[in-house]
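Written below as structure tokens is the structure these notes are about.
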Amino acid sequence: MRYAYYPGCSLTRSAEPYDLSAKAIAAPLGLSLQEIDDWNCCGATEYISINRNAAYALVGRNLALAARQGVSQDLVAPCSACFLNLRKVDHYMDKYPAVREKTNAALAAGDLHYEPGSMHVRHLLDVVVEDVGYEALQTRVVRPLDGLRVAPYYGCLIVRPQWNGGEVDTEYPTHLDRLLRTLGAEVVDFPLKTHCCGGHMTQISADTAYELIRRLLHNASEYEADIIVTACPMCQLNLDAYQSQVNRHFGTDFHLPVLYFTQMIGLAMGMAPADLGIGREIVSAAAALGKIGQAAPASPAAAPRRKRDDKALPMPRQREEA
Amino acid sequence: MAERVGVYVCHCGSNIAGTVDVEGLAHWAKDNLDGVTVARDYKFMCSSLGQELIEQDIKEQGLTRVVVGACSPHLHEKTFRRACANAGMNPYLCHMVSLREQVSWVTSDKGLAYDKAKALISAGVRRVQLHEELEPTEVPVNPNTLVVGGGIAGIQSALELADAGYQVYLVEREPSIGGHMAQFDKTFPTLDCAACILTPKMSDVGGHPNIHLLSYSEVEEVTGYVGSFHVRLKKKARYIKEDDCTGCGICIEKCPKRVVDEVFEAGLGYRKAVYRPFPQAIPKYPVIDRANCTYFERGTCRACEKFCPTNAIDFEQADTYLDLEVGNIILATGYDLFDTTQIPQYGYGRLANVFTSLEFERMCNAAGPTEGKIVLRDGVTQPKSVALIHCVGSRDKRHHPYCSAVCCMSALKFGHLVMEKTGAEVTSFYIDMRPLHKNYEEFYDRLQQEGMHFIRGRAAEVTDAARLPGEDGKLIVQAEDTLIGRQRRVPVDMVILLGALQPRADARETAIRFGISCSIDGWFTERHPKLDPVATMTDGLFIAGTCQGPKDIPDSVAQGAAAASRVQGMISSGTVMIEPIVASIDEARCSGCRICNNMCPFNAIDYLEDRGVSFINAALCKGCGTCVAACPAMAITGAHFNYAQITAELEGILYDAMRGNGHAVAAPEPAAAGG
């Protein structure tokens, strides 16, 4: 399966491990990621709030390039912000004729044109889950993440708004949960899985951002997670790089490493941590990852027998995972 | 002989006249359409004076056909047919054109409206000239009635009919009648015990000489028509001989297998593999649940058999089938509760102390799994604070857009019970309070006096992620309080989700089986939402209770009684007229290919082996026209919708086009033989 690949700026700098690990797992999973030639910044969250027309043109250029280069109809972005911007502009150009005209007028200066709907913008997580699939992924697992307690952190951008998230449940998605379970990890039911990490608020109002980050770290540690796994460079940066500042600010003592789901897939596939960019995170994942392989082989858990005097009421039957 | 057609254009007040130039239309018809003798417009054609106008014209002007351009034939076709019949004309020589539903109500463009009105009137005038005189047939009504569903609505219907002296077959899918009401603890707003008012009615049903109770049974097939339906029932094997069982319950006591009761206890409690849903079950005979019985699973056990004092256990029993003849059918099949796991942000199934309304009803019930104690999922701890979330799955575009009608009152009832039994603090998260009926507002007022808290705002989520002081170890309900315009986080011990009422999972199959229709949501459709709420478009089939839409107990009972009284009317008149608009087969042209046999949705077509042709039973035929269109030899004719009539109608609609093409538009020639 071939995909046009839009790494975005983060993956060339702060989130380089994400790029490394994505590329490392792509080939064994049968994904061919072909980087768009001459791509530019998506404008992140700032540009679109200052000058919309320019922001649309900035994103439109990437869409137009991808369409012209014709690698694939599927345009894959690993970064949630890039994904949202690409998808948003494609959607707006389709829905609002005025946006379509203005953006294409701007693109014409660079001899480009974009017909909305010609690229299908997708997040890397969606590609792994939908195109590779859990079953195929399972067959690739050689070193299951047994005993590792993982908090799946989706962030706020990939599931909202609803037209953006597709089939995924906007309020309580479970595909990353299921992916991590497929890798053998013990997935905690992380209630704040779609809550905001603060985004660029660290630059504008640090106190606000620290509080948002603290909630996430606090909740993940309440659930005794060894590690937080994310699909977004912004989330990773905030939770990882600001963790010590949050500790200082609130007098807390969190030591929660934050890794990308691609790194976890690579680990489970038996790749060397260094090849996946592991070790470049700020809060070291070494201790947490020490658990993998050391845990005793899990014996099939027997259903707890009800004691005679047990008055507990039965839990509701859960829906089958689709 | 040329027909003399009268055209009558109704203003319907301003409903039609506001958009269509009715006077101009009448003049146009008189001047331009062949065969039109009289054309008039009138303020309200359906009024007595309007009808008399038609009758007078028939008599004085010698009209042989009538076209009325007014509302939908659903509303007034009968009225105008009767008017024509009063003047001595065969009622089927009158035709209605819908100028309101199909013209004035669907556009505001007067020019287009006028053009479409002209086309439709022209079509009506051409078609009506080819109408044939038809006579309805009269068939007897079997005085026995089938009631499907033994909830409160079905019980009420069955008792009303049985008390009036008629035989009733009451069919219930579950082992006992009682329905959802039997699961409830108290009823709003009077707070009387649901079982105390329901069980006397249940035992009336059980002991009534005119009621044949068929529990643990389902309707497999319905054929026939109003007055004489044939119904095939499956009586599921109970594995208990009803003639021998005394209902002593020893088998239940001795059964070693315990399973979660997903139906009656709503998943909150356990039952045995041989069980009776609740102590007052009617009938009293238990049922062996084959899927969970150790004997059926592994071939050993038979504990119930060993201990049964009357040898009533029969593992060899098989499903049996029963054929019934009834004149009318009442459907009272009830509702399902919305699956609250579909709204994962409320945590049901993940967070132990989130409960559904039905679970809470069972918890509150003294005969339920906790013996009426209000406790958390651990079975012992009393909650100190409880949140009630309204509109879970209802008033929600992602799930059900409608209001479930009963949840506000259930929430108030729950609030009262929690405060009375535990003294816990109760907070309701509502969108709007809708206590609509008699004494309901007073009950709302009472709960406010009793100190229940009300926060106006749809809850955003229920989470165990503590953030603020006092939230640790609690469930936090987050909502925007829209009265103060603030986000609120309310930590509580227990959350109760007031799930929507939704149509039964198999409601659509049921509708097809009985030949009635469902709304988009899946509720059974009544004949008229205001004026005919318990009849359906299928004669002889009535609906009652929540299968028609969300409603509370008083409304369900009222509908049950209403449906019974409609059936009594049918029975006491003794006969029913059957529409003559049916299909028939010209044997000379039928090749016996049998394509039509399986097409018919009403199973009205039989193949006559001896003659090698198909035959349509006029009493079963509903005149839908499927076979007419399907017949490759054009051997089937739909009365009132024959080829000549439909072609004439089409030519009429194309009036303008045909004129423009220079075609002469002459009065249609009656086709030779049916056409």
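Residues in the structure tokens are numbered from 1 in each chain, the chains being A, B, ... in the order shown, and ligands are numbered from 1 in the order shown.
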Identify all chain A residues at most 12 Å from chain B by counting only C-alpha atoms; ligands do not count. Present them as a compact mmCIF listing (two decimals) with C-alpha atoms, in the first residue's frame.
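The result, written out as out.txt:
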# COMPACT_ATOMS: atom_id res chain seq x y z
CA GLN A 162 -17.12 14.59 14.16
CA VAL A 168 -14.29 6.76 15.55
CA ASP A 169 -16.27 7.59 18.68
CA THR A 170 -15.69 11.28 19.31
CA GLU A 171 -16.23 11.10 23.04
CA TYR A 172 -14.53 7.86 23.94
CA PRO A 173 -12.45 6.36 21.13
CA THR A 174 -11.00 2.90 21.67
CA VAL A 188 -5.64 1.32 31.47
CA ASP A 189 -9.07 2.85 30.99
CA PHE A 190 -7.69 6.39 30.75
CA PRO A 191 -10.61 8.76 31.36
CA LEU A 192 -8.81 11.85 30.05
CA LYS A 193 -7.81 10.17 26.81
CA THR A 194 -9.24 12.92 24.61
CA HIS A 195 -8.62 15.88 26.88
CA GLU A 211 -2.79 22.71 35.00
CA LEU A 212 -3.95 20.85 31.89
CA ILE A 213 -0.73 18.82 31.82
CA ARG A 214 -0.93 18.12 35.54
CA ARG A 215 -4.43 16.67 35.21
CA LEU A 216 -3.25 14.25 32.58
CA LEU A 217 -0.16 13.17 34.48
CA HIS A 218 -2.08 12.93 37.75
CA ASN A 219 -4.83 10.83 36.22
CA ALA A 220 -2.43 8.52 34.38
CA SER A 221 -0.48 7.90 37.58
CA GLU A 222 -3.69 7.36 39.56
CA TYR A 223 -4.35 4.53 37.15
CA ARG A 306 -17.87 -15.62 43.81
CA ASP A 309 -21.21 -14.08 51.22
CA ASP A 310 -20.32 -11.82 48.30
CA LYS A 311 -23.14 -9.34 47.88
CA ALA A 312 -21.65 -7.52 44.90
CA LEU A 313 -23.96 -6.88 41.97
CA PRO A 314 -22.89 -8.09 38.53
CA MET A 315 -21.24 -5.54 36.24
CA PRO A 316 -23.15 -4.71 33.07
CA ARG A 317 -22.27 -6.80 30.07
CA GLN A 318 -19.84 -4.93 27.80
CA ARG A 319 -20.43 -4.46 24.13
CA GLU A 320 -18.24 -6.51 21.81
CA GLU A 321 -15.44 -4.46 20.33
>> With DSSP run on the backbone, what are the strand (DSSP E or B) residues within range 451-581 of chain B? I'd like them as a VMD selection string.
In response: chain B and resid 453 to 456 459 to 463 475 to 481 486 to 492 494 to 499 501 to 503 518 524 528 532 535 541 to 543 575 to 578
> Which is closest to Gly198 in chain A among A:Met1, A:Ile36, A:Gln236, A:Ala66, if we use only C-alpha atoms?
Replying inline: A:Gln236
